[in-house]
$ cat target.cif   # mmCIF, N, CA and C atoms and all ligand atoms
data_my_file
#
loop_
_atom_site.label_atom_id
_atom_site.label_comp_id
_atom_site.auth_asym_id
_atom_site.auth_seq_id
_atom_site.Cartn_x
_atom_site.Cartn_y
_atom_site.Cartn_z
N MET A 4 144.26 16.18 81.01
CA MET A 4 145.41 16.23 80.09
C MET A 4 146.52 17.10 80.67
N SER A 5 147.65 16.51 80.86
CA SER A 5 148.77 17.32 81.31
C SER A 5 149.40 18.02 80.11
N ASN A 6 150.02 19.10 80.37
CA ASN A 6 150.55 19.92 79.28
C ASN A 6 152.06 20.08 79.42
N LYS A 7 152.70 19.09 80.03
CA LYS A 7 154.12 19.25 80.30
C LYS A 7 154.94 19.18 79.01
N SER A 8 155.99 19.95 78.99
CA SER A 8 156.85 19.98 77.81
C SER A 8 157.91 18.90 77.93
N LEU A 9 158.26 18.35 76.78
CA LEU A 9 159.31 17.34 76.78
C LEU A 9 160.70 17.97 76.95
N GLY A 10 160.82 19.23 76.58
CA GLY A 10 162.12 19.88 76.68
C GLY A 10 163.16 19.21 75.81
N ASN A 11 164.36 19.20 76.26
CA ASN A 11 165.45 18.57 75.52
C ASN A 11 165.34 17.07 75.66
N ILE A 12 165.10 16.38 74.56
CA ILE A 12 164.91 14.94 74.65
C ILE A 12 166.07 14.17 74.03
N ASN A 13 167.21 14.82 73.91
CA ASN A 13 168.38 14.09 73.40
C ASN A 13 168.83 13.06 74.43
N PHE A 14 169.14 11.88 73.93
CA PHE A 14 169.66 10.84 74.79
C PHE A 14 171.18 10.86 74.68
N ASN A 15 171.84 11.34 75.71
CA ASN A 15 173.28 11.51 75.64
C ASN A 15 174.01 10.30 76.21
N PHE A 16 173.83 9.19 75.50
CA PHE A 16 174.51 7.96 75.89
C PHE A 16 175.19 7.36 74.68
N GLU A 17 176.04 6.40 74.95
CA GLU A 17 176.64 5.67 73.83
C GLU A 17 175.54 4.93 73.08
N THR A 18 175.68 4.85 71.77
CA THR A 18 174.68 4.16 70.98
C THR A 18 175.31 3.04 70.17
N VAL A 19 174.46 2.17 69.67
CA VAL A 19 174.97 1.10 68.81
C VAL A 19 175.35 1.68 67.45
N ASP A 20 176.11 0.92 66.72
CA ASP A 20 176.51 1.30 65.38
C ASP A 20 175.29 1.63 64.53
N VAL A 21 175.32 2.77 63.87
CA VAL A 21 174.17 3.23 63.10
C VAL A 21 173.80 2.23 61.99
N ASP A 22 174.82 1.54 61.48
CA ASP A 22 174.55 0.57 60.41
C ASP A 22 173.76 -0.64 60.90
N ASP A 23 173.83 -0.87 62.18
CA ASP A 23 173.17 -2.04 62.73
C ASP A 23 171.75 -1.71 63.14
N GLU A 24 170.93 -1.45 62.15
CA GLU A 24 169.55 -1.06 62.43
C GLU A 24 168.56 -2.19 62.18
N SER A 25 169.10 -3.38 61.97
CA SER A 25 168.23 -4.48 61.57
C SER A 25 167.11 -4.75 62.56
N ASN A 26 167.37 -4.53 63.84
CA ASN A 26 166.35 -4.83 64.83
C ASN A 26 165.61 -3.58 65.31
N ILE A 27 165.99 -2.45 64.80
CA ILE A 27 165.38 -1.21 65.27
C ILE A 27 164.36 -0.73 64.25
N GLU A 28 163.11 -0.76 64.64
CA GLU A 28 162.08 -0.25 63.75
C GLU A 28 161.82 1.21 64.08
N LEU A 29 161.94 2.05 63.07
CA LEU A 29 161.80 3.48 63.30
C LEU A 29 160.47 3.99 62.76
N LEU A 30 159.87 4.89 63.48
CA LEU A 30 158.63 5.52 63.04
C LEU A 30 158.87 7.00 62.86
N GLU A 31 158.25 7.57 61.84
CA GLU A 31 158.41 9.00 61.58
C GLU A 31 157.29 9.76 62.28
N LEU A 32 157.71 10.72 63.09
CA LEU A 32 156.74 11.51 63.84
C LEU A 32 157.08 12.99 63.74
N PHE A 33 156.07 13.81 63.91
CA PHE A 33 156.29 15.25 63.88
C PHE A 33 156.79 15.71 65.24
N TYR A 34 157.78 16.59 65.20
CA TYR A 34 158.32 17.14 66.44
C TYR A 34 158.36 18.67 66.37
N CYS A 35 157.73 19.30 67.33
CA CYS A 35 157.77 20.76 67.46
C CYS A 35 158.72 21.10 68.61
N HIS A 36 159.63 22.04 68.38
CA HIS A 36 160.61 22.38 69.41
C HIS A 36 159.96 22.98 70.65
N LYS A 37 158.76 23.52 70.48
CA LYS A 37 158.07 24.12 71.62
C LYS A 37 157.12 23.11 72.28
N CYS A 38 156.36 22.41 71.46
CA CYS A 38 155.28 21.55 71.98
C CYS A 38 155.68 20.09 72.14
N GLY A 39 156.80 19.69 71.54
CA GLY A 39 157.21 18.29 71.61
C GLY A 39 156.59 17.46 70.50
N PHE A 40 156.53 16.16 70.71
CA PHE A 40 155.94 15.26 69.71
C PHE A 40 154.42 15.28 69.85
N HIS A 41 153.73 15.48 68.76
CA HIS A 41 152.26 15.33 68.75
C HIS A 41 151.80 15.15 67.32
N SER A 42 150.50 14.93 67.14
CA SER A 42 150.01 14.51 65.82
C SER A 42 149.49 15.63 64.93
N LYS A 43 149.17 16.79 65.51
CA LYS A 43 148.46 17.82 64.75
C LYS A 43 149.43 18.66 63.91
N VAL A 44 149.41 18.43 62.59
CA VAL A 44 150.41 19.03 61.72
C VAL A 44 149.75 19.71 60.52
N ILE A 45 150.23 20.88 60.17
CA ILE A 45 149.81 21.54 58.95
C ILE A 45 150.94 21.36 57.94
N SER A 46 150.63 20.70 56.84
CA SER A 46 151.63 20.42 55.82
C SER A 46 151.45 21.38 54.66
N VAL A 47 152.53 22.05 54.30
CA VAL A 47 152.51 22.95 53.16
C VAL A 47 153.51 22.42 52.13
N MET A 48 153.02 22.20 50.91
CA MET A 48 153.89 21.67 49.86
C MET A 48 153.92 22.61 48.67
N TRP A 49 155.08 22.70 48.06
CA TRP A 49 155.21 23.48 46.84
C TRP A 49 156.40 22.97 46.04
N ILE A 50 156.42 23.40 44.78
CA ILE A 50 157.54 23.04 43.93
C ILE A 50 158.61 24.12 44.08
N GLU A 51 159.82 23.69 44.25
CA GLU A 51 160.94 24.60 44.46
C GLU A 51 160.93 25.72 43.42
N GLY A 52 160.98 26.93 43.88
CA GLY A 52 161.00 28.09 42.97
C GLY A 52 159.61 28.63 42.66
N ASP A 53 158.58 27.94 43.12
CA ASP A 53 157.21 28.38 42.84
C ASP A 53 156.40 28.32 44.14
N GLU A 54 156.67 29.27 45.02
CA GLU A 54 156.06 29.22 46.35
C GLU A 54 154.64 29.77 46.38
N ILE A 55 154.16 30.24 45.23
CA ILE A 55 152.80 30.79 45.19
C ILE A 55 151.77 29.68 45.15
N ASN A 56 152.08 28.64 44.38
CA ASN A 56 151.14 27.52 44.23
C ASN A 56 151.45 26.44 45.27
N THR A 57 150.71 26.52 46.35
CA THR A 57 150.98 25.59 47.45
C THR A 57 149.77 24.69 47.69
N ILE A 58 150.04 23.55 48.25
CA ILE A 58 148.97 22.68 48.75
C ILE A 58 149.13 22.66 50.27
N THR A 59 148.09 23.05 50.95
CA THR A 59 148.13 23.08 52.41
C THR A 59 147.08 22.12 52.94
N GLN A 60 147.50 21.23 53.78
CA GLN A 60 146.53 20.32 54.36
C GLN A 60 146.84 20.01 55.81
N LEU A 61 145.76 19.67 56.50
CA LEU A 61 145.87 19.33 57.91
C LEU A 61 146.07 17.82 58.02
N LYS A 62 147.09 17.44 58.74
CA LYS A 62 147.39 16.02 58.88
C LYS A 62 147.44 15.62 60.34
N ASN A 63 147.11 14.37 60.58
CA ASN A 63 147.31 13.76 61.89
C ASN A 63 148.40 12.72 61.73
N ILE A 64 149.60 13.06 62.17
CA ILE A 64 150.69 12.09 62.05
C ILE A 64 150.77 11.30 63.35
N LYS A 65 150.27 10.08 63.30
CA LYS A 65 150.29 9.21 64.48
C LYS A 65 151.33 8.13 64.26
N PRO A 66 151.76 7.49 65.35
CA PRO A 66 152.76 6.43 65.17
C PRO A 66 152.22 5.34 64.25
N GLY A 67 152.84 5.18 63.11
CA GLY A 67 152.47 4.12 62.19
C GLY A 67 151.49 4.51 61.10
N LYS A 68 150.84 5.67 61.24
CA LYS A 68 149.93 6.08 60.17
C LYS A 68 149.75 7.60 60.15
N THR A 69 149.46 8.07 58.95
CA THR A 69 149.18 9.50 58.78
C THR A 69 147.77 9.65 58.23
N GLU A 70 146.96 10.45 58.91
CA GLU A 70 145.60 10.72 58.43
C GLU A 70 145.57 12.11 57.81
N PHE A 71 144.94 12.20 56.67
CA PHE A 71 144.74 13.51 56.05
C PHE A 71 143.38 14.02 56.49
N VAL A 72 143.38 15.07 57.26
CA VAL A 72 142.15 15.53 57.89
C VAL A 72 141.39 16.47 56.97
N GLU A 73 142.07 17.43 56.42
CA GLU A 73 141.37 18.47 55.69
C GLU A 73 142.32 19.19 54.75
N LYS A 74 141.86 19.40 53.53
CA LYS A 74 142.63 20.23 52.62
C LYS A 74 142.25 21.67 52.85
N ILE A 75 143.20 22.49 53.17
CA ILE A 75 142.92 23.87 53.50
C ILE A 75 143.00 24.72 52.23
N ASP A 76 143.95 24.41 51.42
CA ASP A 76 144.20 25.23 50.24
C ASP A 76 144.87 24.34 49.21
N GLN A 77 144.27 24.24 48.05
CA GLN A 77 144.90 23.38 47.06
C GLN A 77 145.01 24.07 45.71
N ASN A 78 146.21 24.30 45.30
CA ASN A 78 146.49 24.79 43.97
C ASN A 78 147.00 23.62 43.14
N ILE A 79 147.18 23.88 41.91
CA ILE A 79 147.77 22.86 41.04
C ILE A 79 149.22 23.28 40.80
N PHE A 80 150.12 22.32 40.96
CA PHE A 80 151.52 22.63 40.70
C PHE A 80 151.70 22.93 39.22
N LYS A 81 152.24 24.09 38.93
CA LYS A 81 152.29 24.55 37.54
C LYS A 81 153.61 24.25 36.86
N LYS A 82 154.55 23.76 37.61
CA LYS A 82 155.79 23.36 36.96
C LYS A 82 156.33 22.10 37.61
N GLU A 83 157.28 21.50 36.95
CA GLU A 83 157.88 20.30 37.52
C GLU A 83 159.13 20.71 38.29
N GLY A 84 159.46 19.91 39.24
CA GLY A 84 160.64 20.23 40.01
C GLY A 84 160.62 19.50 41.33
N ARG A 85 161.49 19.93 42.19
CA ARG A 85 161.62 19.27 43.48
C ARG A 85 160.48 19.68 44.40
N LEU A 86 159.81 18.69 44.96
CA LEU A 86 158.72 18.96 45.88
C LEU A 86 159.28 19.28 47.27
N ILE A 87 158.86 20.42 47.78
CA ILE A 87 159.29 20.82 49.11
C ILE A 87 158.09 20.69 50.05
N GLU A 88 158.32 20.14 51.21
CA GLU A 88 157.25 20.05 52.18
C GLU A 88 157.72 20.65 53.50
N GLU A 89 156.88 21.54 54.00
CA GLU A 89 157.17 22.11 55.31
C GLU A 89 156.08 21.66 56.27
N ASN A 90 156.49 21.21 57.41
CA ASN A 90 155.53 20.76 58.42
C ASN A 90 155.46 21.77 59.55
N ILE A 91 154.25 22.28 59.76
CA ILE A 91 154.05 23.33 60.75
C ILE A 91 153.22 22.77 61.91
N CYS A 92 153.58 23.18 63.11
CA CYS A 92 152.89 22.71 64.31
C CYS A 92 151.44 23.20 64.31
N GLY A 93 150.52 22.28 64.46
CA GLY A 93 149.10 22.63 64.50
C GLY A 93 148.68 23.25 65.83
N ASN A 94 149.56 23.27 66.80
CA ASN A 94 149.24 23.90 68.08
C ASN A 94 149.75 25.33 68.16
N CYS A 95 151.00 25.54 67.81
CA CYS A 95 151.60 26.85 68.03
C CYS A 95 151.97 27.58 66.74
N GLY A 96 151.93 26.88 65.60
CA GLY A 96 152.18 27.53 64.32
C GLY A 96 153.64 27.66 63.95
N LYS A 97 154.52 27.08 64.75
CA LYS A 97 155.95 27.13 64.41
C LYS A 97 156.32 25.97 63.49
N THR A 98 157.37 26.17 62.73
CA THR A 98 157.85 25.10 61.85
C THR A 98 158.51 24.01 62.68
N GLY A 99 158.08 22.80 62.42
CA GLY A 99 158.68 21.68 63.12
C GLY A 99 159.40 20.79 62.14
N SER A 100 159.68 19.58 62.55
CA SER A 100 160.37 18.66 61.65
C SER A 100 159.89 17.24 61.88
N ILE A 101 160.15 16.40 60.89
CA ILE A 101 159.83 14.98 61.02
C ILE A 101 161.06 14.28 61.59
N GLN A 102 160.86 13.60 62.70
CA GLN A 102 161.95 12.88 63.36
C GLN A 102 161.64 11.40 63.37
N THR A 103 162.68 10.60 63.27
CA THR A 103 162.47 9.17 63.42
C THR A 103 162.67 8.77 64.87
N VAL A 104 161.73 8.00 65.35
CA VAL A 104 161.75 7.56 66.74
C VAL A 104 161.67 6.03 66.75
N PRO A 105 162.55 5.38 67.52
CA PRO A 105 162.45 3.92 67.61
C PRO A 105 161.10 3.49 68.19
N LYS A 106 160.51 2.51 67.54
CA LYS A 106 159.19 2.03 67.95
C LYS A 106 159.17 1.58 69.41
N THR A 107 160.28 0.98 69.84
CA THR A 107 160.33 0.46 71.20
C THR A 107 160.18 1.56 72.26
N ILE A 108 160.71 2.73 71.96
CA ILE A 108 160.60 3.84 72.91
C ILE A 108 159.14 4.23 73.10
N LEU A 109 158.39 4.23 72.00
CA LEU A 109 156.97 4.55 72.07
C LEU A 109 156.20 3.46 72.81
N GLU A 110 156.56 2.22 72.55
CA GLU A 110 155.87 1.10 73.20
C GLU A 110 156.06 1.15 74.71
N ILE A 111 157.28 1.51 75.14
CA ILE A 111 157.57 1.62 76.57
C ILE A 111 156.68 2.68 77.22
N GLN A 112 156.41 3.75 76.46
CA GLN A 112 155.59 4.84 76.98
C GLN A 112 154.09 4.53 76.90
N GLY A 113 153.75 3.37 76.35
CA GLY A 113 152.35 3.00 76.24
C GLY A 113 151.61 3.68 75.11
N VAL A 114 152.36 4.19 74.14
CA VAL A 114 151.75 4.88 73.01
C VAL A 114 151.10 3.87 72.07
N ILE A 115 149.91 4.19 71.60
CA ILE A 115 149.25 3.32 70.61
C ILE A 115 149.99 3.43 69.29
N ILE A 116 150.39 2.29 68.76
CA ILE A 116 151.08 2.26 67.47
C ILE A 116 150.15 1.63 66.44
N TYR A 117 149.93 2.37 65.38
CA TYR A 117 149.00 1.91 64.35
C TYR A 117 149.73 1.06 63.33
N ASP A 118 148.98 0.17 62.74
CA ASP A 118 149.55 -0.78 61.80
C ASP A 118 149.24 -0.32 60.38
N ASP A 119 150.26 -0.13 59.60
CA ASP A 119 150.11 0.26 58.20
C ASP A 119 149.29 1.54 58.05
N ASP A 120 148.61 1.64 56.93
CA ASP A 120 147.87 2.87 56.65
C ASP A 120 146.37 2.65 56.67
N ASP A 121 145.95 1.52 57.19
CA ASP A 121 144.52 1.21 57.08
C ASP A 121 143.70 1.71 58.26
N GLY A 122 144.36 2.33 59.19
CA GLY A 122 143.63 2.97 60.29
C GLY A 122 143.19 2.02 61.38
N ASN A 123 143.51 0.76 61.26
CA ASN A 123 143.11 -0.18 62.31
C ASN A 123 144.19 -0.25 63.38
N ARG A 124 143.75 -0.36 64.60
CA ARG A 124 144.71 -0.57 65.65
C ARG A 124 145.27 -1.98 65.55
N LYS A 125 146.51 -2.11 65.96
CA LYS A 125 147.19 -3.38 65.83
C LYS A 125 146.42 -4.53 66.49
N GLU A 126 145.94 -4.29 67.67
CA GLU A 126 145.33 -5.39 68.43
C GLU A 126 143.98 -5.84 67.86
N ILE A 127 143.30 -4.97 67.11
CA ILE A 127 142.03 -5.39 66.53
C ILE A 127 142.17 -5.74 65.06
N ASN A 128 143.41 -5.61 64.59
CA ASN A 128 143.64 -5.86 63.17
C ASN A 128 144.21 -7.26 62.97
N ASN A 129 143.41 -8.26 63.26
CA ASN A 129 143.94 -9.63 63.21
C ASN A 129 143.43 -10.39 61.99
N ILE A 130 142.77 -9.70 61.09
CA ILE A 130 142.23 -10.38 59.90
C ILE A 130 143.34 -10.56 58.88
N LYS A 131 144.12 -9.49 58.76
CA LYS A 131 145.14 -9.46 57.72
C LYS A 131 146.38 -10.22 58.15
N ASP A 132 146.92 -11.01 57.27
CA ASP A 132 148.20 -11.69 57.55
C ASP A 132 149.34 -10.70 57.43
N LYS A 133 150.29 -10.85 58.32
CA LYS A 133 151.45 -9.96 58.21
C LYS A 133 152.55 -10.61 57.41
ZN ZN B 201 154.22 23.74 68.58
#
$ encode --input "target.cif" --output "structure tokens"
Amino acid sequence: MSNKSLGNINFNFETVDVDDESNIELLELFYCHKCGFHSKVISVMWIEGDEINTITQLKNIKPGKTEFVEKIDQNIFKKEGRLIEENICGNCGKTGSIQTVPKTILEIQGVIIYDDDDGNRKEINNIKDK
């Protein structure tokens, strides 16, 4: 396993009109500024204004699917309000963010892209009609 950092991954080129996304399929992935894109994420959720009652869980955010690995800490939300979610890097512990990445970029890199939320890989998931 190589451990190279992605560093600055901004693509500084002209882009197509943002409104013209009809052919661009985007996937949501976790991005850590230190570690780059990877799947190991600690999700902390709470209701705005009530940071004591949090739900913390370990997630695997893979292209096309999110697996919930383990609940670390679960309280019950005691009030209603806006749900806040913070995604923390499971490698280094820094706060990261969810970024949208065009599916084609991942495909070019040979990344396995999962289909829906059923955990089956696309190539072996030929039972279900799309
Ligand atoms: Zn990290």
$ residues_around --input "target.cif" --residues "A:Lys82" --least-positions-apart "2" --cutoff "12 Å" --atoms "only C-alpha atoms" --output "PyMOL selection string"
chain A and resi 49-57+78-80+84-86
$ atom_distance --input "target.cif" --atom1 "atom CA of A:Val114" --atom2 "atom N of A:Tyr34"
15.3 Å
$ closest_residue --input "target.cif" --among "A:Glu88, A:Gly96, A:Gly10, A:Lys65" --to "ligand ZN 201 (chain B)" --atoms "all atoms listed in the file"
A:Gly96
$ closest_residue --input "target.cif" --among "A:Gly39, A:Pro66, A:Gly113, A:Pro105" --to "ligand ZN 201 (chain B)" --atoms "only C-alpha atoms and all ligand atoms"
A:Gly39
$ closest_residue --input "target.cif" --among "A:Asn94, A:Thr18, A:Ser42, A:Thr69" --to "ligand ZN 201 (chain B)" --atoms "all atoms listed in the file"
A:Asn94
$ residues_near_ligand --input "target.cif" --ligand "ligand ZN 201 (chain B)" --cutoff "6.5 Å" --atoms "all atoms listed in the file" --output "number ranges by chain"
A: 35-39, 92-97
$ atom_distance --input "target.cif" --atom1 "atom CA of A:Ile108" --atom2 "atom C of A:Leu32"
13.4 Å
$ closest_residue --input "target.cif" --among "A:Gln102, A:Asn26, A:Asn15, A:Ser8" --to "A:Ile64" --atoms "only C-alpha atoms"
A:Gln102
$ atom_distance --input "target.cif" --atom1 "atom C of A:Ile115" --atom2 "atom CA of A:Val72"
18.4 Å
$ axis_aligned_box --input "target.cif" --around "stretch 74-86 of chain A" --padding-each-side "3 Å" --output "AutoDock Vina command-line options"
--center_x 151.7 --center_y 22.0 --center_z 45.2 --size_x 25.8 --size_y 12.5 --size_z 22.7
$ closest_residue --input "target.cif" --among "A:Ile45, A:Phe14, A:Leu29, A:Glu70" --to "A:Thr107" --atoms "only C-alpha atoms"
A:Leu29
$ closest_residue --input "target.cif" --among "A:Glu31, A:Glu83, A:Glu17, A:Leu61" --to "A:Leu109" --atoms "only C-alpha atoms"
A:Glu31
$ select_by_dssp --input "target.cif" --residues "stretch 34-104 of chain A" --states "strand (DSSP E)" --output "JSON list (two decimals) with N, CA and C atoms, keeping the file's coordinate frame"
[["chain", "number", "residue", "atom", "x", "y", "z"],
["A", 34, "TYR", "N", 157.78, 16.59, 65.20],
["A", 34, "TYR", "CA", 158.32, 17.14, 66.44],
["A", 34, "TYR", "C", 158.36, 18.67, 66.37],
["A", 35, "CYS", "N", 157.73, 19.30, 67.33],
["A", 35, "CYS", "CA", 157.77, 20.76, 67.46],
["A", 35, "CYS", "C", 158.72, 21.10, 68.61],
["A", 39, "GLY", "N", 156.80, 19.69, 71.54],
["A", 39, "GLY", "CA", 157.21, 18.29, 71.61],
["A", 39, "GLY", "C", 156.59, 17.46, 70.50],
["A", 40, "PHE", "N", 156.53, 16.16, 70.71],
["A", 40, "PHE", "CA", 155.94, 15.26, 69.71],
["A", 40, "PHE", "C", 154.42, 15.28, 69.85],
["A", 43, "LYS", "N", 149.17, 16.79, 65.51],
["A", 43, "LYS", "CA", 148.46, 17.82, 64.75],
["A", 43, "LYS", "C", 149.43, 18.66, 63.91],
["A", 44, "VAL", "N", 149.41, 18.43, 62.59],
["A", 44, "VAL", "CA", 150.41, 19.03, 61.72],
["A", 44, "VAL", "C", 149.75, 19.71, 60.52],
["A", 45, "ILE", "N", 150.23, 20.88, 60.17],
["A", 45, "ILE", "CA", 149.81, 21.54, 58.95],
["A", 45, "ILE", "C", 150.94, 21.36, 57.94],
["A", 46, "SER", "N", 150.63, 20.70, 56.84],
["A", 46, "SER", "CA", 151.63, 20.42, 55.82],
["A", 46, "SER", "C", 151.45, 21.38, 54.66],
["A", 47, "VAL", "N", 152.53, 22.05, 54.30],
["A", 47, "VAL", "CA", 152.51, 22.95, 53.16],
["A", 47, "VAL", "C", 153.51, 22.42, 52.13],
["A", 48, "MET", "N", 153.02, 22.20, 50.91],
["A", 48, "MET", "CA", 153.89, 21.67, 49.86],
["A", 48, "MET", "C", 153.92, 22.61, 48.67],
["A", 49, "TRP", "N", 155.08, 22.70, 48.06],
["A", 49, "TRP", "CA", 155.21, 23.48, 46.84],
["A", 49, "TRP", "C", 156.40, 22.97, 46.04],
["A", 50, "ILE", "N", 156.42, 23.40, 44.78],
["A", 50, "ILE", "CA", 157.54, 23.04, 43.93],
["A", 50, "ILE", "C", 158.61, 24.12, 44.08],
["A", 53, "ASP", "N", 158.58, 27.94, 43.12],
["A", 53, "ASP", "CA", 157.21, 28.38, 42.84],
["A", 53, "ASP", "C", 156.40, 28.32, 44.14],
["A", 54, "GLU", "N", 156.67, 29.27, 45.02],
["A", 54, "GLU", "CA", 156.06, 29.22, 46.35],
["A", 54, "GLU", "C", 154.64, 29.77, 46.38],
["A", 55, "ILE", "N", 154.16, 30.24, 45.23],
["A", 55, "ILE", "CA", 152.80, 30.79, 45.19],
["A", 55, "ILE", "C", 151.77, 29.68, 45.15],
["A", 56, "ASN", "N", 152.08, 28.64, 44.38],
["A", 56, "ASN", "CA", 151.14, 27.52, 44.23],
["A", 56, "ASN", "C", 151.45, 26.44, 45.27],
["A", 57, "THR", "N", 150.71, 26.52, 46.35],
["A", 57, "THR", "CA", 150.98, 25.59, 47.45],
["A", 57, "THR", "C", 149.77, 24.69, 47.69],
["A", 58, "ILE", "N", 150.04, 23.55, 48.25],
["A", 58, "ILE", "CA", 148.97, 22.68, 48.75],
["A", 58, "ILE", "C", 149.13, 22.66, 50.27],
["A", 59, "THR", "N", 148.09, 23.05, 50.95],
["A", 59, "THR", "CA", 148.13, 23.08, 52.41],
["A", 59, "THR", "C", 147.08, 22.12, 52.94],
["A", 60, "GLN", "N", 147.50, 21.23, 53.78],
["A", 60, "GLN", "CA", 146.53, 20.32, 54.36],
["A", 60, "GLN", "C", 146.84, 20.01, 55.81],
["A", 61, "LEU", "N", 145.76, 19.67, 56.50],
["A", 61, "LEU", "CA", 145.87, 19.33, 57.91],
["A", 61, "LEU", "C", 146.07, 17.82, 58.02],
["A", 62, "LYS", "N", 147.09, 17.44, 58.74],
["A", 62, "LYS", "CA", 147.39, 16.02, 58.88],
["A", 62, "LYS", "C", 147.44, 15.62, 60.34],
["A", 63, "ASN", "N", 147.11, 14.37, 60.58],
["A", 63, "ASN", "CA", 147.31, 13.76, 61.89],
["A", 63, "ASN", "C", 148.40, 12.72, 61.73],
["A", 64, "ILE", "N", 149.60, 13.06, 62.17],
["A", 64, "ILE", "CA", 150.69, 12.09, 62.05],
["A", 64, "ILE", "C", 150.77, 11.30, 63.35],
["A", 65, "LYS", "N", 150.27, 10.08, 63.30],
["A", 65, "LYS", "CA", 150.29, 9.21, 64.48],
["A", 65, "LYS", "C", 151.33, 8.13, 64.26],
["A", 68, "LYS", "N", 150.84, 5.67, 61.24],
["A", 68, "LYS", "CA", 149.93, 6.08, 60.17],
["A", 68, "LYS", "C", 149.75, 7.60, 60.15],
["A", 69, "THR", "N", 149.46, 8.07, 58.95],
["A", 69, "THR", "CA", 149.18, 9.50, 58.78],
["A", 69, "THR", "C", 147.77, 9.65, 58.23],
["A", 70, "GLU", "N", 146.96, 10.45, 58.91],
["A", 70, "GLU", "CA", 145.60, 10.72, 58.43],
["A", 70, "GLU", "C", 145.57, 12.11, 57.81],
["A", 71, "PHE", "N", 144.94, 12.20, 56.67],
["A", 71, "PHE", "CA", 144.74, 13.51, 56.05],
["A", 71, "PHE", "C", 143.38, 14.02, 56.49],
["A", 72, "VAL", "N", 143.38, 15.07, 57.26],
["A", 72, "VAL", "CA", 142.15, 15.53, 57.89],
["A", 72, "VAL", "C", 141.39, 16.47, 56.97],
["A", 73, "GLU", "N", 142.07, 17.43, 56.42],
["A", 73, "GLU", "CA", 141.37, 18.47, 55.69],
["A", 73, "GLU", "C", 142.32, 19.19, 54.75],
["A", 74, "LYS", "N", 141.86, 19.40, 53.53],
["A", 74, "LYS", "CA", 142.63, 20.23, 52.62],
["A", 74, "LYS", "C", 142.25, 21.67, 52.85],
["A", 75, "ILE", "N", 143.20, 22.49, 53.17],
["A", 75, "ILE", "CA", 142.92, 23.87, 53.50],
["A", 75, "ILE", "C", 143.00, 24.72, 52.23],
["A", 76, "ASP", "N", 143.95, 24.41, 51.42],
["A", 76, "ASP", "CA", 144.20, 25.23, 50.24],
["A", 76, "ASP", "C", 144.87, 24.34, 49.21],
["A", 77, "GLN", "N", 144.27, 24.24, 48.05],
["A", 77, "GLN", "CA", 144.90, 23.38, 47.06],
["A", 77, "GLN", "C", 145.01, 24.07, 45.71],
["A", 86, "LEU", "N", 159.81, 18.69, 44.96],
["A", 86, "LEU", "CA", 158.72, 18.96, 45.88],
["A", 86, "LEU", "C", 159.28, 19.28, 47.27],
["A", 87, "ILE", "N", 158.86, 20.42, 47.78],
["A", 87, "ILE", "CA", 159.29, 20.82, 49.11],
["A", 87, "ILE", "C", 158.09, 20.69, 50.05],
["A", 88, "GLU", "N", 158.32, 20.14, 51.21],
["A", 88, "GLU", "CA", 157.25, 20.05, 52.18],
["A", 88, "GLU", "C", 157.72, 20.65, 53.50],
["A", 89, "GLU", "N", 156.88, 21.54, 54.00],
["A", 89, "GLU", "CA", 157.17, 22.11, 55.31],
["A", 89, "GLU", "C", 156.08, 21.66, 56.27],
["A", 90, "ASN", "N", 156.49, 21.21, 57.41],
["A", 90, "ASN", "CA", 155.53, 20.76, 58.42],
["A", 90, "ASN", "C", 155.46, 21.77, 59.55],
["A", 91, "ILE", "N", 154.25, 22.28, 59.76],
["A", 91, "ILE", "CA", 154.05, 23.33, 60.75],
["A", 91, "ILE", "C", 153.22, 22.77, 61.91],
["A", 92, "CYS", "N", 153.58, 23.18, 63.11],
["A", 92, "CYS", "CA", 152.89, 22.71, 64.31],
["A", 92, "CYS", "C", 151.44, 23.20, 64.31],
["A", 100, "SER", "N", 159.68, 19.58, 62.55],
["A", 100, "SER", "CA", 160.37, 18.66, 61.65],
["A", 100, "SER", "C", 159.89, 17.24, 61.88],
["A", 101, "ILE", "N", 160.15, 16.40, 60.89],
["A", 101, "ILE", "CA", 159.83, 14.98, 61.02],
["A", 101, "ILE", "C", 161.06, 14.28, 61.59],
["A", 102, "GLN", "N", 160.86, 13.60, 62.70],
["A", 102, "GLN", "CA", 161.95, 12.88, 63.36],
["A", 102, "GLN", "C", 161.64, 11.40, 63.37],
["A", 103, "THR", "N", 162.68, 10.60, 63.27],
["A", 103, "THR", "CA", 162.47, 9.17, 63.42],
["A", 103, "THR", "C", 162.67, 8.77, 64.87],
["A", 104, "VAL", "N", 161.73, 8.00, 65.35],
["A", 104, "VAL", "CA", 161.75, 7.56, 66.74],
["A", 104, "VAL", "C", 161.67, 6.03, 66.75]]
$ select_by_dssp --input "target.cif" --residues "chain A" --states "helix (DSSP H, G or I)" --output "list in words"
Lys106, Thr107, Ile108, Leu109, Glu110, Ile111, Lys125, Glu126 and Ile127 of chain A
$ decode --input "target.cif" --residues "stretch 39-54 of chain A" --atoms "C-alpha atoms" --output "mmCIF file, in the first residue's frame"
data_model
loop_
_atom_site.group_PDB
_atom_site.id
_atom_site.type_symbol
_atom_site.label_atom_id
_atom_site.label_comp_id
_atom_site.auth_asym_id
_atom_site.auth_seq_id
_atom_site.Cartn_x
_atom_site.Cartn_y
_atom_site.Cartn_z
ATOM 1 C CA GLY A 39 -7.058 12.845 0.846
ATOM 2 C CA PHE A 40 -10.098 10.845 -0.224
ATOM 3 C CA HIS A 41 -10.734 7.637 1.700
ATOM 4 C CA SER A 42 -13.600 5.702 3.246
ATOM 5 C CA LYS A 43 -12.904 5.644 6.991
ATOM 6 C CA VAL A 44 -15.086 8.325 8.565
ATOM 7 C CA ILE A 45 -16.321 9.100 12.066
ATOM 8 C CA SER A 46 -19.687 10.823 11.852
ATOM 9 C CA VAL A 47 -20.879 12.949 14.739
ATOM 10 C CA MET A 48 -24.450 14.236 14.661
ATOM 11 C CA TRP A 49 -26.320 16.552 16.952
ATOM 12 C CA ILE A 50 -29.204 18.966 16.998
ATOM 13 C CA GLU A 51 -28.154 22.580 16.679
ATOM 14 C CA GLY A 52 -27.825 24.128 20.126
ATOM 15 C CA ASP A 53 -27.622 20.773 21.904
ATOM 16 C CA GLU A 54 -24.087 19.514 21.452
#
